[in-house]
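Engineer: Structure in C-alpha cells, see below.
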Amino acid sequence: MALKFSRIFSSPIFVGTLLLMIAGIVAALVCAGLKNSYVEPTTWFMIIFLALLAATLVVAIADNALHRYRLALLTMIGVALSLNVSHIGYYINATIGVLQAMSASLIFVEIPLFFWVIILGSGPGTYLAEVCGMEGKSNGGLPMSDVSMSRMQYRHTVNSATGGASSSIAEYYTSDLHQSVISGKRPDSSAVVYKARALYPYEANPDDPNEVSIVKDEVMLVIDDSGKWWQVKKEDGTVGIAPSNYLARITS
C-alpha cells in the first residue's frame, strides 16, 4: 500500500505535537552546534534518535499502519523519554545560556513524547484515543486497532463453517452456508444479515483480493460478523471482507 502523507493531517493533535517535537529538535540541534565543545557526545546520538522517531511516526501514519508499529514506537518513545530527561537535567544546570536554551528546547520535545506514550499505550477504544482522533471516527482519523492479524483467523472461520471446502470469498458465496444465509436459515451464530455503516474509510490491500474498500458513511450488508473481519456486501453488489472496527451496526 502506497504511503499517503495526507493521513497525517487527519488528526490536528498529532500535527500539533509533531510540529512541537520538530521545533524542539531543531532548536536543540542549533544550540548544540553553537557550543559543540561543551556538548556531551550522547547529545548528538539523542538528537538523531529523536529525529528518527519523528520520521517513524510520520511513516507509520502515512502507511496506515500505526497499529503495526505500535510496540516499536512505544519502545522508541520510552528510550527517548529516558535520554531526554537525563539531558534536560544535565544542561538546565549549566552556566552557559546557550546550553540552558538547549535544555528548554528539549522540554518542548518532552511534551509530545509524554503525549504519545499515553495515547499509544492507551490503545483503541479508550477515551483518550477517541478524543484525540486516534480511532478514526471523524475526519479519517488514525486507526490504531490491529485488524491485519485477523485475516488467517477469518479464513479459518469460513473454512470451518463450510467443511474446509472454501478458501475464498467467491467459494464461500457458492457454499451451502451462503445459501442458508440468503434463505434466512442460520446454521450457526456467525451467519447474520444486517446493515452496517462505515465509521471511516478503508482502502483494500491490493495483494488480498478478498478485501473491499469502503468509504466513510457507506451503508452495506453484513453477512458474517465472526472475528475481526466481517463479510459484507456493498450496494453495488461487491462482496468481500472489511475490518469490523471500521463498521457500526445500524440499529434503527
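Residues in the C-alpha cells are named by chain (A, B, ... in the order shown) and by number from 1 within that chain; ligands are numbered from 1 in the order shown.
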Find the spatial neighbours of Val219 (chain A), counting only C-alpha atoms, within a cut-off of 7 Å - ignore same-chain residues fewer than 5 positions away - and output them as a list in words.
Structural biologist: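 Residues meeting the cut-off are Lys195, Ala196, Arg197 and Ala198 of chain A.
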Engineer: Skipping near chain neighbours, those fewer than 2 positions away, what residues fall within 9 Å of Gly121 (chain A) using only C-alpha atoms, listed as a count of residues only?
Structural biologist: 8
Engineer: Got a sec: who's within 9 Å of Leu73 (chain A), counting only C-alpha atoms, leaving out chain neighbours fewer than 3 positions off, as an MDAnalysis selection string?
Structural biologist: chainID A and resid 53 56:57 66 69:70 76:78 117 120
Engineer: Report, in Å to a single decimal, how far apart CA of His87 (chain A) and CA of Leu106 (chain A) are.
Structural biologist: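 Value for the CA of Leu106 (chain A)-CA of His87 (chain A) distance: 8.0 Å.
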Engineer: Return the single residue from A:Met102, A:Pro12, A:Glu218, A:Leu3 that is closest to Ile61 (chain A), with distances computed using only C-alpha atoms.
Structural biologist: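 Ranked by minimum distance to Ile61 (chain A), first place goes to A:Leu3.
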Engineer: Using only C-alpha atoms, which protein or nucleic acid residues come within 12 Å of Arg249 (chain A)? Drop anything in the same chain fewer than 4 positions from it, and give the result as a PyMOL selection string.
Structural biologist: chain A and resi 192-199+217-223+225+230+232+244-245
Engineer: So how many Å separate CA of Ile96 (chain A) and CA of Leu34 (chain A), to one decimal?
Structural biologist: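 A separation of 11.2 Å between them.
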Engineer: Fewer than 5 positions away in the same chain doesn't count, so skip those; otherwise give me all residues within 10 Å of Ala94 (chain A), counting only C-alpha atoms, as a list in words.
Structural biologist: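 Contacts, in chain order: Tyr38, Gly89, Leu99, Gln100, Ala101 and Ser103 of chain A.
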